[in-house]
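Dropping final.cif in here (mmCIF, C-alpha atoms):
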```
data_start
#
loop_
_atom_site.group_PDB
_atom_site.id
_atom_site.type_symbol
_atom_site.label_atom_id
_atom_site.label_comp_id
_atom_site.auth_asym_id
_atom_site.auth_seq_id
_atom_site.Cartn_x
_atom_site.Cartn_y
_atom_site.Cartn_z
ATOM 1 C CA GLU A 1 98.004 122.866 120.336
ATOM 2 C CA ILE A 2 97.705 125.098 123.393
ATOM 3 C CA GLN A 3 98.689 128.755 123.421
ATOM 4 C CA LEU A 4 100.896 129.413 126.431
ATOM 5 C CA SER A 5 99.684 133.004 126.649
ATOM 6 C CA LYS A 6 96.237 131.609 127.469
ATOM 7 C CA SER A 7 97.469 129.178 130.119
ATOM 8 C CA ASP A 8 95.988 129.355 133.607
ATOM 9 C CA LYS A 9 95.754 127.160 136.681
ATOM 10 C CA ASN A 10 93.285 124.880 134.901
ATOM 11 C CA THR A 11 95.690 124.069 132.074
ATOM 12 C CA ASN A 12 96.911 120.467 131.986
ATOM 13 C CA PHE A 13 100.689 120.967 132.160
ATOM 14 C CA SER A 14 101.342 117.211 131.995
ATOM 15 C CA ASN A 15 100.801 117.486 128.218
ATOM 16 C CA LEU A 16 103.503 118.548 125.801
ATOM 17 C CA PHE A 17 102.788 121.850 124.082
ATOM 18 C CA HIS A 18 103.230 122.122 120.302
ATOM 19 C CA VAL A 19 103.618 125.757 119.259
ATOM 20 C CA ARG A 20 104.396 127.258 115.863
ATOM 21 C CA HIS A 21 106.569 130.402 115.729
ATOM 22 C CA LYS A 22 107.612 132.622 112.860
ATOM 23 C CA HIS A 23 111.382 132.821 112.482
ATOM 24 C CA LYS A 24 113.054 136.149 111.711
ATOM 25 C CA ASN A 25 113.935 134.773 108.251
ATOM 26 C CA GLY A 26 110.211 134.463 107.502
ATOM 27 C CA ASN A 27 109.953 130.678 107.857
ATOM 28 C CA TYR A 28 107.867 128.941 110.499
ATOM 29 C CA VAL A 29 109.321 126.552 113.076
ATOM 30 C CA TRP A 30 107.546 124.104 115.369
ATOM 31 C CA LEU A 31 108.618 123.798 119.002
ATOM 32 C CA GLU A 32 107.666 121.126 121.504
ATOM 33 C CA ASP A 33 107.599 122.624 125.003
ATOM 34 C CA TYR A 34 107.768 120.766 128.304
ATOM 35 C CA ILE A 35 106.273 123.199 130.809
ATOM 36 C CA ILE A 36 107.030 123.396 134.524
ATOM 37 C CA PRO A 37 104.475 125.602 136.326
ATOM 38 C CA THR A 38 104.851 127.378 139.658
ATOM 39 C CA PHE A 39 101.748 127.902 141.788
ATOM 40 C CA SER A 40 101.075 130.087 144.835
ATOM 41 C CA ASN A 41 99.839 128.644 148.112
ATOM 42 C CA GLU A 42 96.373 129.645 147.018
ATOM 43 C CA GLY A 43 96.712 127.585 143.854
ATOM 44 C CA ASP A 44 97.119 130.489 141.444
ATOM 45 C CA LEU A 45 99.544 130.179 138.543
ATOM 46 C CA ILE A 46 102.533 132.446 139.202
ATOM 47 C CA SER A 47 104.982 131.547 136.457
ATOM 48 C CA ILE A 48 105.979 128.884 133.986
ATOM 49 C CA GLU A 49 109.363 127.581 132.897
ATOM 50 C CA GLY A 50 109.975 125.240 130.062
ATOM 51 C CA ILE A 51 112.298 123.181 127.917
ATOM 52 C CA SER A 52 111.824 123.518 124.146
ATOM 53 C CA ARG A 53 113.029 121.426 121.253
ATOM 54 C CA ASP A 54 112.713 122.005 117.547
ATOM 55 C CA ILE A 55 110.324 119.468 115.961
ATOM 56 C CA THR A 56 109.958 121.226 112.597
ATOM 57 C CA LYS A 57 111.350 118.260 110.620
ATOM 58 C CA ARG A 58 108.988 115.893 112.416
ATOM 59 C CA LYS A 59 106.015 118.123 111.621
ATOM 60 C CA GLN A 60 107.102 118.329 107.985
ATOM 61 C CA LEU A 61 107.340 114.518 107.798
ATOM 62 C CA GLU A 62 103.912 114.153 109.396
ATOM 63 C CA LYS A 63 102.490 116.584 106.826
ATOM 64 C CA LYS A 64 104.196 114.708 103.992
ATOM 65 C CA LEU A 65 102.772 111.384 105.193
ATOM 66 C CA GLU A 66 99.319 112.960 105.522
ATOM 67 C CA ASN A 67 99.532 114.259 101.952
ATOM 68 C CA LEU A 68 100.638 110.845 100.679
ATOM 69 C CA SER A 69 97.582 109.273 102.311
ATOM 70 C CA TYR A 70 95.430 111.423 100.007
ATOM 71 C CA ILE A 71 97.088 110.277 96.756
ATOM 72 C CA ASP A 72 96.046 107.312 94.618
ATOM 73 C CA GLY A 73 99.219 105.266 94.234
ATOM 74 C CA LEU A 74 98.532 104.182 90.660
ATOM 75 C CA THR A 75 97.365 107.358 88.929
ATOM 76 C CA GLY A 76 98.890 110.105 91.066
ATOM 77 C CA LEU A 77 95.450 111.709 91.374
ATOM 78 C CA TYR A 78 93.750 112.405 94.683
ATOM 79 C CA ASN A 79 91.875 109.470 96.195
ATOM 80 C CA ARG A 80 88.394 109.061 97.661
ATOM 81 C CA THR A 81 89.622 109.920 101.168
ATOM 82 C CA TYR A 82 90.719 113.344 99.940
ATOM 83 C CA LEU A 83 87.464 113.760 98.014
ATOM 84 C CA ASN A 84 85.456 113.140 101.187
ATOM 85 C CA LYS A 85 87.597 115.688 103.047
ATOM 86 C CA GLN A 86 86.968 118.314 100.366
ATOM 87 C CA ILE A 87 83.240 117.573 100.331
ATOM 88 C CA LYS A 88 83.098 118.371 104.052
ATOM 89 C CA ILE A 89 84.950 121.652 103.504
ATOM 90 C CA LEU A 90 82.780 122.679 100.561
ATOM 91 C CA THR A 91 79.514 121.866 102.313
ATOM 92 C CA ARG A 92 80.307 123.197 105.783
ATOM 93 C CA SER A 93 83.101 125.762 105.778
ATOM 94 C CA ILE A 94 82.887 127.765 102.555
ATOM 95 C CA GLU A 95 80.444 128.572 99.782
ATOM 96 C CA ILE A 96 81.897 129.113 96.309
ATOM 97 C CA PRO A 97 80.882 128.330 92.711
ATOM 98 C CA ILE A 98 81.828 124.820 91.615
ATOM 99 C CA ALA A 99 81.607 122.535 88.611
ATOM 100 C CA ILE A 100 81.686 118.746 88.632
ATOM 101 C CA ILE A 101 83.028 116.566 85.835
ATOM 102 C CA ALA A 102 82.367 112.860 86.328
ATOM 103 C CA CYS A 103 84.038 110.255 84.112
ATOM 104 C CA ASP A 104 83.938 106.496 83.666
ATOM 105 C CA LEU A 105 86.758 104.752 81.816
ATOM 106 C CA ASP A 106 84.764 102.586 79.416
ATOM 107 C CA ASN A 107 87.481 100.282 78.100
ATOM 108 C CA LEU A 108 89.234 99.286 81.339
ATOM 109 C CA LYS A 109 87.458 95.919 81.571
ATOM 110 C CA TYR A 110 88.329 95.168 77.945
ATOM 111 C CA PHE A 111 92.039 95.816 78.521
ATOM 112 C CA ASN A 112 92.041 93.795 81.751
ATOM 113 C CA ASP A 113 90.265 90.822 80.161
ATOM 114 C CA THR A 114 92.139 90.918 76.846
ATOM 115 C CA PHE A 115 95.678 91.981 77.735
ATOM 116 C CA GLY A 116 95.883 91.474 81.506
ATOM 117 C CA HIS A 117 95.683 93.802 84.486
ATOM 118 C CA SER A 118 99.139 95.254 83.852
ATOM 119 C CA LYS A 119 97.793 96.819 80.651
ATOM 120 C CA GLY A 120 94.710 98.003 82.504
ATOM 121 C CA ASP A 121 96.921 99.606 85.148
ATOM 122 C CA LEU A 122 98.946 101.311 82.415
ATOM 123 C CA LEU A 123 95.727 102.699 80.953
ATOM 124 C CA LEU A 124 94.761 104.088 84.362
ATOM 125 C CA GLU A 125 98.206 105.645 84.732
ATOM 126 C CA ASN A 126 97.777 107.330 81.354
ATOM 127 C CA VAL A 127 94.401 108.736 82.400
ATOM 128 C CA GLY A 128 95.936 110.066 85.624
ATOM 129 C CA GLU A 129 98.768 111.768 83.756
ATOM 130 C CA LEU A 130 96.343 113.283 81.237
ATOM 131 C CA LEU A 131 93.996 114.665 83.905
ATOM 132 C CA ASN A 132 96.878 115.991 86.008
ATOM 133 C CA ASN A 133 98.176 117.885 82.985
ATOM 134 C CA ILE A 134 94.766 119.345 82.113
ATOM 135 C CA PHE A 135 93.521 120.346 85.578
ATOM 136 C CA THR A 136 96.263 122.297 87.309
ATOM 137 C CA TYR A 137 94.617 125.334 88.947
ATOM 138 C CA ASP A 138 91.590 125.659 91.241
ATOM 139 C CA SER A 139 90.681 122.051 90.547
ATOM 140 C CA ILE A 140 90.726 118.676 92.253
ATOM 141 C CA ALA A 141 91.173 115.581 90.073
ATOM 142 C CA VAL A 142 90.194 112.381 91.910
ATOM 143 C CA ARG A 143 90.240 108.685 91.151
ATOM 144 C CA ASN A 144 87.034 107.767 92.905
ATOM 145 C CA GLY A 145 87.791 104.069 92.702
ATOM 146 C CA GLY A 146 88.109 101.495 89.937
ATOM 147 C CA ASP A 147 87.369 103.179 86.618
ATOM 148 C CA GLU A 148 85.613 106.254 88.071
ATOM 149 C CA PHE A 149 87.072 109.768 88.088
ATOM 150 C CA ILE A 150 85.766 113.030 89.540
ATOM 151 C CA ILE A 151 87.049 116.526 88.793
ATOM 152 C CA ILE A 152 85.921 119.432 90.970
ATOM 153 C CA LEU A 153 86.497 122.920 89.577
ATOM 154 C CA THR A 154 86.293 125.640 92.227
ATOM 155 C CA ASN A 155 85.822 129.404 92.117
ATOM 156 C CA CYS A 156 85.097 129.464 88.410
ATOM 157 C CA SER A 157 82.387 130.867 86.173
ATOM 158 C CA LYS A 158 80.141 128.497 84.261
ATOM 159 C CA LEU A 159 81.787 129.603 81.006
ATOM 160 C CA LYS A 160 85.269 128.903 82.365
ATOM 161 C CA ALA A 161 84.166 125.506 83.652
ATOM 162 C CA GLU A 162 82.638 124.609 80.283
ATOM 163 C CA GLU A 163 85.885 125.629 78.585
ATOM 164 C CA SER A 164 87.827 123.322 80.921
ATOM 165 C CA TYR A 165 85.429 120.478 80.165
ATOM 166 C CA SER A 166 85.822 121.042 76.425
ATOM 167 C CA LYS A 167 89.590 121.177 76.830
ATOM 168 C CA MET A 168 89.482 117.766 78.504
ATOM 169 C CA LEU A 169 87.464 116.241 75.651
ATOM 170 C CA ILE A 170 89.745 117.763 73.025
ATOM 171 C CA SER A 171 92.865 116.597 74.872
ATOM 172 C CA ILE A 172 91.543 113.045 75.027
ATOM 173 C CA ASN A 173 90.806 113.052 71.290
ATOM 174 C CA GLU A 174 94.295 114.397 70.563
ATOM 175 C CA TYR A 175 95.825 111.770 72.841
ATOM 176 C CA ASN A 176 93.938 108.982 71.058
ATOM 177 C CA THR A 177 95.235 110.049 67.647
ATOM 178 C CA LEU A 178 98.809 109.568 68.883
ATOM 179 C CA HIS A 179 98.494 106.410 70.991
ATOM 180 C CA GLU A 180 97.358 102.873 70.255
ATOM 181 C CA MET A 181 95.983 102.427 73.767
ATOM 182 C CA ALA A 182 93.017 104.780 73.420
ATOM 183 C CA ILE A 183 91.263 106.388 76.373
ATOM 184 C CA THR A 184 87.494 106.108 76.070
ATOM 185 C CA LEU A 185 85.563 108.060 78.696
ATOM 186 C CA SER A 186 81.863 108.487 79.379
ATOM 187 C CA SER A 187 81.564 111.871 81.071
ATOM 188 C CA GLY A 188 79.101 114.437 82.357
ATOM 189 C CA PHE A 189 79.241 118.053 83.480
ATOM 190 C CA SER A 190 77.306 120.032 86.100
ATOM 191 C CA TYR A 191 77.664 123.539 87.516
ATOM 192 C CA SER A 192 76.361 125.312 90.609
ATOM 193 C CA SER A 193 76.863 128.757 92.094
ATOM 194 C CA SER A 194 76.965 127.147 95.551
ATOM 195 C CA SER A 195 79.461 124.498 96.639
ATOM 196 C CA LYS A 196 76.995 123.416 99.322
ATOM 197 C CA THR A 197 75.128 121.531 96.573
ATOM 198 C CA ILE A 198 78.152 119.346 95.767
ATOM 199 C CA LEU A 199 76.537 116.127 96.987
ATOM 200 C CA GLU A 200 73.524 116.694 94.730
ATOM 201 C CA LEU A 201 75.816 117.435 91.790
ATOM 202 C CA LEU A 202 77.852 114.294 92.415
ATOM 203 C CA ARG A 203 74.771 112.096 92.634
ATOM 204 C CA SER A 204 73.383 113.648 89.463
ATOM 205 C CA GLU A 205 76.604 113.036 87.508
ATOM 206 C CA GLU A 206 77.006 109.480 88.832
ATOM 207 C CA ARG A 207 73.562 108.643 87.468
ATOM 208 C CA ARG A 208 74.324 110.275 84.132
ATOM 209 C CA VAL A 209 77.618 108.511 83.379
#
```
Would you write the structure of this file as C-alpha coordinates?
Amino acid sequence: EIQLSKSDKNTNFSNLFHVRHKHKNGNYVWLEDYIIPTFSNEGDLISIEGISRDITKRKQLEKKLENLSYIDGLTGLYNRTYLNKQIKILTRSIEIPIAIIACDLDNLKYFNDTFGHSKGDLLLENVGELLNNIFTYDSIAVRNGGDEFIIILTNCSKLKAEESYSKMLISINEYNTLHEMAITLSSGFSYSSSSKTILELLRSEERRV
(Lines of atoms letter the chains of each structure in order from A and count residues from 1; the text may use other names and numbers.)
(Lines give C-alpha, C1' and ligand atoms only; values in the text may rest on other atoms or scores of the structure.)
Protein backbone atom coordinates (compact mmCIF):
# COMPACT_ATOMS: atom_id res chain seq x y z
CA GLU A 1 0.00 0.00 0.00
CA ILE A 2 1.29 3.45 -0.94
CA GLN A 3 0.44 6.60 0.99
CA LEU A 4 -0.71 9.26 -1.45
CA SER A 5 0.59 12.02 0.81
CA LYS A 6 4.09 10.66 0.17
CA SER A 7 3.70 10.45 -3.60
CA ASP A 8 6.20 12.25 -5.81
CA LYS A 9 7.33 12.17 -9.42
CA ASN A 10 9.07 8.84 -8.83
CA THR A 11 5.89 7.09 -7.72
CA ASN A 12 4.63 4.40 -10.10
CA PHE A 13 1.11 5.66 -10.83
CA SER A 14 0.36 2.69 -13.10
CA ASN A 15 -0.30 0.68 -9.92
CA LEU A 16 -3.60 0.72 -8.08
CA PHE A 17 -3.39 2.26 -4.62
CA HIS A 18 -4.99 0.44 -1.67
CA VAL A 19 -5.61 2.85 1.21
CA ARG A 20 -7.38 2.31 4.52
CA HIS A 21 -9.42 5.19 5.98
CA LYS A 22 -11.26 5.57 9.25
CA HIS A 23 -14.95 6.28 8.76
CA LYS A 24 -16.71 8.86 10.93
CA ASN A 25 -18.66 5.99 12.55
CA GLY A 26 -15.36 4.57 13.83
CA ASN A 27 -15.08 1.68 11.37
CA TYR A 28 -12.31 1.34 8.80
CA VAL A 29 -12.94 1.17 5.06
CA TRP A 30 -10.59 0.13 2.26
CA LEU A 31 -10.48 2.15 -0.96
CA GLU A 32 -8.85 1.22 -4.24
CA ASP A 33 -7.66 4.37 -6.01
CA TYR A 34 -6.83 4.77 -9.69
CA ILE A 35 -4.57 7.82 -9.80
CA ILE A 36 -4.13 10.22 -12.71
CA PRO A 37 -1.09 12.49 -12.16
CA THR A 38 -0.37 15.86 -13.75
CA PHE A 39 3.25 16.85 -14.32
CA SER A 40 4.89 20.17 -15.19
CA ASN A 41 7.06 20.61 -18.27
CA GLU A 42 10.03 20.09 -16.01
CA GLY A 43 8.67 16.73 -14.89
CA ASP A 44 7.59 17.79 -11.41
CA LEU A 45 4.38 16.40 -9.95
CA ILE A 46 1.79 19.20 -9.82
CA SER A 47 -1.41 17.43 -8.84
CA ILE A 48 -3.18 14.11 -8.77
CA GLU A 49 -6.76 13.14 -9.53
CA GLY A 50 -8.28 9.79 -8.90
CA ILE A 51 -11.20 7.40 -9.04
CA SER A 52 -11.92 5.46 -5.83
CA ARG A 53 -14.01 2.40 -5.15
CA ASP A 54 -14.86 0.72 -1.89
CA ILE A 55 -13.14 -2.69 -1.62
CA THR A 56 -13.80 -3.24 2.09
CA LYS A 57 -15.81 -6.45 1.50
CA ARG A 58 -13.05 -7.82 -0.72
CA LYS A 59 -10.43 -7.08 1.93
CA GLN A 60 -12.59 -8.74 4.58
CA LEU A 61 -12.96 -11.85 2.39
CA GLU A 62 -9.21 -11.94 1.77
CA LYS A 63 -8.61 -11.72 5.53
CA LYS A 64 -11.16 -14.47 6.17
CA LEU A 65 -9.50 -16.75 3.61
CA GLU A 66 -6.08 -16.00 5.12
CA ASN A 67 -7.37 -16.92 8.58
CA LEU A 68 -8.89 -20.15 7.26
CA SER A 69 -5.51 -21.11 5.80
CA TYR A 70 -4.14 -21.12 9.36
CA ILE A 71 -6.76 -23.53 10.77
CA ASP A 72 -6.50 -27.32 10.89
CA GLY A 73 -9.67 -28.53 9.21
CA LEU A 74 -10.16 -31.55 11.46
CA THR A 75 -9.53 -30.21 14.96
CA GLY A 76 -10.25 -26.50 14.60
CA LEU A 77 -6.86 -25.73 16.14
CA TYR A 78 -4.19 -23.66 14.43
CA ASN A 79 -2.00 -25.55 11.97
CA ARG A 80 1.76 -25.75 11.43
CA THR A 81 1.70 -22.85 8.96
CA TYR A 82 0.35 -20.57 11.69
CA LEU A 83 2.85 -21.97 14.19
CA ASN A 84 5.73 -21.10 11.87
CA LYS A 85 4.33 -17.57 11.45
CA GLN A 86 4.15 -17.10 15.22
CA ILE A 87 7.66 -18.47 15.70
CA LYS A 88 8.98 -15.77 13.36
CA ILE A 89 7.11 -13.07 15.29
CA LEU A 90 8.28 -14.34 18.68
CA THR A 91 11.91 -14.67 17.63
CA ARG A 92 12.27 -11.49 15.58
CA SER A 93 9.66 -8.87 16.44
CA ILE A 94 8.90 -9.11 20.16
CA GLU A 95 10.37 -10.52 23.35
CA ILE A 96 7.92 -11.74 25.98
CA PRO A 97 7.74 -14.60 28.52
CA ILE A 98 6.43 -17.84 27.04
CA ALA A 99 5.65 -21.40 28.03
CA ILE A 100 5.51 -24.41 25.73
CA ILE A 101 3.31 -27.46 26.25
CA ALA A 102 4.02 -30.29 23.82
CA CYS A 103 1.68 -33.29 23.56
CA ASP A 104 1.56 -36.57 21.69
CA LEU A 105 -1.73 -38.44 21.39
CA ASP A 106 -0.63 -41.93 22.41
CA ASN A 107 -3.67 -43.97 21.40
CA LEU A 108 -4.35 -42.59 17.90
CA LYS A 109 -2.66 -45.52 16.14
CA TYR A 110 -4.63 -47.99 18.26
CA PHE A 111 -7.96 -46.39 17.32
CA ASN A 112 -7.00 -46.20 13.64
CA ASP A 113 -5.87 -49.84 13.51
CA THR A 114 -8.68 -51.24 15.66
CA PHE A 115 -11.74 -49.17 14.76
CA GLY A 116 -10.77 -47.42 11.52
CA HIS A 117 -9.60 -43.92 10.68
CA SER A 118 -13.05 -42.41 11.20
CA LYS A 119 -12.74 -43.23 14.91
CA GLY A 120 -9.21 -41.86 14.94
CA ASP A 121 -10.45 -38.64 13.34
CA LEU A 122 -13.19 -38.40 15.97
CA LEU A 123 -10.56 -38.76 18.68
CA LEU A 124 -8.55 -35.93 17.13
CA GLU A 125 -11.67 -33.77 16.95
CA ASN A 126 -12.29 -34.40 20.65
CA VAL A 127 -8.72 -33.37 21.49
CA GLY A 128 -9.15 -30.18 19.45
CA GLU A 129 -12.39 -29.29 21.22
CA LEU A 130 -10.84 -29.98 24.63
CA LEU A 131 -7.75 -27.85 23.97
CA ASN A 132 -9.80 -25.02 22.47
CA ASN A 133 -11.94 -24.94 25.60
CA ILE A 134 -8.94 -24.95 27.96
CA PHE A 135 -6.66 -22.45 26.20
CA THR A 136 -8.68 -19.36 25.38
CA TYR A 137 -6.54 -16.33 26.33
CA ASP A 138 -2.94 -15.40 25.49
CA SER A 139 -2.37 -18.87 24.09
CA ILE A 140 -1.95 -20.61 20.75
CA ALA A 141 -3.12 -24.22 20.47
CA VAL A 142 -1.68 -25.96 17.39
CA ARG A 143 -2.04 -29.34 15.75
CA ASN A 144 1.53 -29.74 14.63
CA GLY A 145 0.67 -32.67 12.40
CA GLY A 146 -0.55 -36.22 12.90
CA ASP A 147 -0.84 -36.88 16.63
CA GLU A 148 1.34 -33.96 17.77
CA PHE A 149 0.03 -30.83 19.50
CA ILE A 150 1.80 -27.66 20.65
CA ILE A 151 0.42 -25.02 23.00
CA ILE A 152 2.23 -21.69 23.34
CA LEU A 153 1.32 -19.56 26.35
CA THR A 154 2.40 -15.93 25.99
CA ASN A 155 2.89 -13.07 28.43
CA CYS A 156 2.42 -15.25 31.48
CA SER A 157 4.32 -15.93 34.68
CA LYS A 158 5.81 -19.36 35.27
CA LEU A 159 3.25 -19.97 38.03
CA LYS A 160 0.35 -19.06 35.74
CA ALA A 161 1.73 -21.29 32.99
CA GLU A 162 2.11 -24.21 35.40
CA GLU A 163 -1.48 -23.68 36.53
CA SER A 164 -2.64 -23.83 32.90
CA TYR A 165 -0.66 -27.02 32.36
CA SER A 166 -2.19 -28.59 35.46
CA LYS A 167 -5.64 -27.49 34.33
CA MET A 168 -5.08 -29.31 31.04
CA LEU A 169 -4.09 -32.54 32.80
CA ILE A 170 -7.05 -32.34 35.17
CA SER A 171 -9.46 -31.60 32.32
CA ILE A 172 -8.23 -34.63 30.40
CA ASN A 173 -8.69 -36.88 33.44
CA GLU A 174 -12.21 -35.50 33.96
CA TYR A 175 -13.00 -36.02 30.29
CA ASN A 176 -11.82 -39.64 30.44
CA THR A 177 -14.10 -40.44 33.38
CA LEU A 178 -17.12 -39.40 31.29
CA HIS A 179 -16.23 -40.82 27.87
CA GLU A 180 -15.45 -44.30 26.59
CA MET A 181 -13.06 -42.96 23.96
CA ALA A 182 -10.30 -41.87 26.34
CA ILE A 183 -7.68 -39.27 25.46
CA THR A 184 -4.20 -40.43 26.43
CA LEU A 185 -1.50 -37.78 26.04
CA SER A 186 2.23 -37.80 26.66
CA SER A 187 3.12 -34.20 27.45
CA GLY A 188 5.91 -31.92 28.58
CA PHE A 189 6.20 -28.36 29.85
CA SER A 190 8.90 -25.69 29.48
CA TYR A 191 9.08 -22.01 30.41
CA SER A 192 11.32 -19.11 29.41
CA SER A 193 11.37 -15.41 30.20
CA SER A 194 12.33 -14.74 26.57
CA SER A 195 10.24 -15.75 23.56
CA LYS A 196 13.40 -15.61 21.45
CA THR A 197 14.27 -19.05 22.88
CA ILE A 198 11.10 -20.64 21.47
CA LEU A 199 12.95 -22.86 19.00
CA GLU A 200 15.12 -24.29 21.79
CA LEU A 201 12.04 -24.88 23.93
CA LEU A 202 10.24 -26.64 21.09
CA ARG A 203 13.19 -28.90 20.35
CA SER A 204 13.54 -29.72 24.04
CA GLU A 205 9.86 -30.65 24.40
CA GLU A 206 9.82 -32.68 21.17
CA ARG A 207 12.65 -34.82 22.54
CA ARG A 208 10.91 -35.23 25.88
CA VAL A 209 7.51 -36.40 24.62
As JSON, what would the box around range 99-105 of chain A look like: edges along x, y and z, 8 Å added on every side, centre and edge lengths in Å to one decimal?
```
{"center_x": 84.2, "center_y": 113.6, "center_z": 85.2, "size_x": 21.2, "size_y": 33.8, "size_z": 22.8}
```
Practice task
Please measure the separation of CA of Ile96 in chain A and CA of Leu169 in chain A, giving the value in Å to one decimal.
Solution key: 25.0 Å
Practice task
Find, counting all atoms listed in the file, the residue in A:Leu45, A:Ala182, A:Ile51, A:Leu153 that gets nearest to Leu16 in chain A.
Solution key: A:Ile51
Problem - Contact residues around range 69-74 of chain A with only C-alpha atoms at 8 Å, ignoring same-chain residues under 3 positions, as a ChimeraX atom specification - result: /A:65-66,77-82,121,124-125,143
Written selection (C-alpha atoms) as an mmCIF file, keeping the file's coordinate frame:
```cif
data_model
loop_
_atom_site.group_PDB
_atom_site.id
_atom_site.type_symbol
_atom_site.label_atom_id
_atom_site.label_comp_id
_atom_site.auth_asym_id
_atom_site.auth_seq_id
_atom_site.Cartn_x
_atom_site.Cartn_y
_atom_site.Cartn_z
ATOM 1 C CA LEU A 65 102.772 111.384 105.193
ATOM 2 C CA GLU A 66 99.319 112.960 105.522
ATOM 3 C CA LEU A 77 95.450 111.709 91.374
ATOM 4 C CA TYR A 78 93.750 112.405 94.683
ATOM 5 C CA ASN A 79 91.875 109.470 96.195
ATOM 6 C CA ARG A 80 88.394 109.061 97.661
ATOM 7 C CA THR A 81 89.622 109.920 101.168
ATOM 8 C CA TYR A 82 90.719 113.344 99.940
ATOM 9 C CA ASP A 121 96.921 99.606 85.148
ATOM 10 C CA LEU A 124 94.761 104.088 84.362
ATOM 11 C CA GLU A 125 98.206 105.645 84.732
ATOM 12 C CA ARG A 143 90.240 108.685 91.151
#
```
Exercise for the section: Extract, using only C-alpha atoms, all DNA, RNA and protein residues at most 10 Å from Ser192 in chain A, discarding same-chain residues fewer than 5 positions from it, and format them as a PyMOL selection string. Expected result: chain A and resi 96-100+156-158+197-198+200-201
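Nearest residue to Ile87 in chain A, choosing from A:Asp147, A:Ile172, A:Ser190, A:Ile140 and counting only C-alpha atoms: A:Ile140.
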Problem - Residues near His18 in chain A, cut-off 12 Å, all atoms listed in the file, skip fewer than 2 positions along chain, as a ChimeraX atom specification - result: /A:1-4,15-16,20-21,29-35,51-56,58-59
Practice task
May I have the residues within 7 Å of Ile36 in chain A as a PyMOL selection string, using only C-alpha atoms and disregarding those fewer than 4 positions away in the same chain?
Solution key: chain A and resi 48-50
Exercise for the section: Take CA of Thr184 in chain A and CA of Gln86 in chain A and report the distance between them in Å, one decimal. Expected result: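 Spanning CA of Thr184 in chain A to CA of Gln86 in chain A is a straight-line distance of 27.2 Å.
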Exercise for the section: Considering all atoms listed in the file, state which residue in the set A:Thr38, A:Asn173, A:Ser195, A:Ser187 is at the smallest distance from Asp106 in chain A. Expected result: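 When distances to Asp106 in chain A are compared using all atoms listed in the file, the smallest one comes from A:Ser187.
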Practice task
Please provide the set of residues having any atom within 8 Å of Leu108 in chain A, restricted to all atoms listed in the file, with same-chain residues fewer than 3 positions apart removed, written as a list in words.
Solution key: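 The residues that qualify are Leu105, Phe111, Asn112, Gly120, Leu123, Leu124 and Asp147 of chain A.
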With C-alpha atoms kept, could you save the residues just selected as a PDB file, in the frame of the given file?
```pdb
ATOM      1  CA  LEU A 105      86.758 104.752  81.816  1.00  0.00           C
ATOM      2  CA  PHE A 111      92.039  95.816  78.521  1.00  0.00           C
ATOM      3  CA  ASN A 112      92.041  93.795  81.751  1.00  0.00           C
ATOM      4  CA  GLY A 120      94.710  98.003  82.504  1.00  0.00           C
ATOM      5  CA  LEU A 123      95.727 102.699  80.953  1.00  0.00           C
ATOM      6  CA  LEU A 124      94.761 104.088  84.362  1.00  0.00           C
ATOM      7  CA  ASP A 147      87.369 103.179  86.618  1.00  0.00           C
TER       8      ASP A 147
END
```
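The residue that comes closest to Leu90 in chain A, out of A:Leu178, A:Val19, A:Ala161, A:Ile152 and on the basis of all atoms listed in the file, is A:Ile152.
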Practice task
Kindly indicate which residue among A:Asn41, A:Asp113, A:Ser204, A:Gly145 lies nearest to Leu83 in chain A, using only C-alpha atoms for the distances.
Solution key: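 Ranked by minimum distance to Leu83 in chain A, first place goes to A:Gly145.
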Exercise for the section: Could you tell me how far CA of Asn107 in chain A lies from CA of Tyr175 in chain A, in Å and to one decimal? Expected result: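 Computed distance, CA of Asn107 in chain A to CA of Tyr175 in chain A, equals 15.1 Å.
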Name the residues that the PyMOL selection byres ((chain A and resi 168) around 10) pulls out of this structure, and write them as a tab-separated table (two decimals) with C-alpha atoms, keeping the file's coordinate frame.
```tsv
chain	number	residue	atom	x	y	z
A	101	ILE	CA	83.03	116.57	85.84
A	130	LEU	CA	96.34	113.28	81.24
A	131	LEU	CA	94.00	114.66	83.90
A	133	ASN	CA	98.18	117.88	82.98
A	134	ILE	CA	94.77	119.34	82.11
A	135	PHE	CA	93.52	120.35	85.58
A	162	GLU	CA	82.64	124.61	80.28
A	163	GLU	CA	85.88	125.63	78.58
A	164	SER	CA	87.83	123.32	80.92
A	165	TYR	CA	85.43	120.48	80.17
A	166	SER	CA	85.82	121.04	76.42
A	167	LYS	CA	89.59	121.18	76.83
A	169	LEU	CA	87.46	116.24	75.65
A	170	ILE	CA	89.74	117.76	73.03
A	171	SER	CA	92.86	116.60	74.87
A	172	ILE	CA	91.54	113.04	75.03
A	173	ASN	CA	90.81	113.05	71.29
A	174	GLU	CA	94.30	114.40	70.56
```
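Using all atoms listed in the file, the smallest distance between any of A:Arg92, A:Lys24, A:Lys119, A:Leu61 and Ser194 in chain A comes from A:Arg92.
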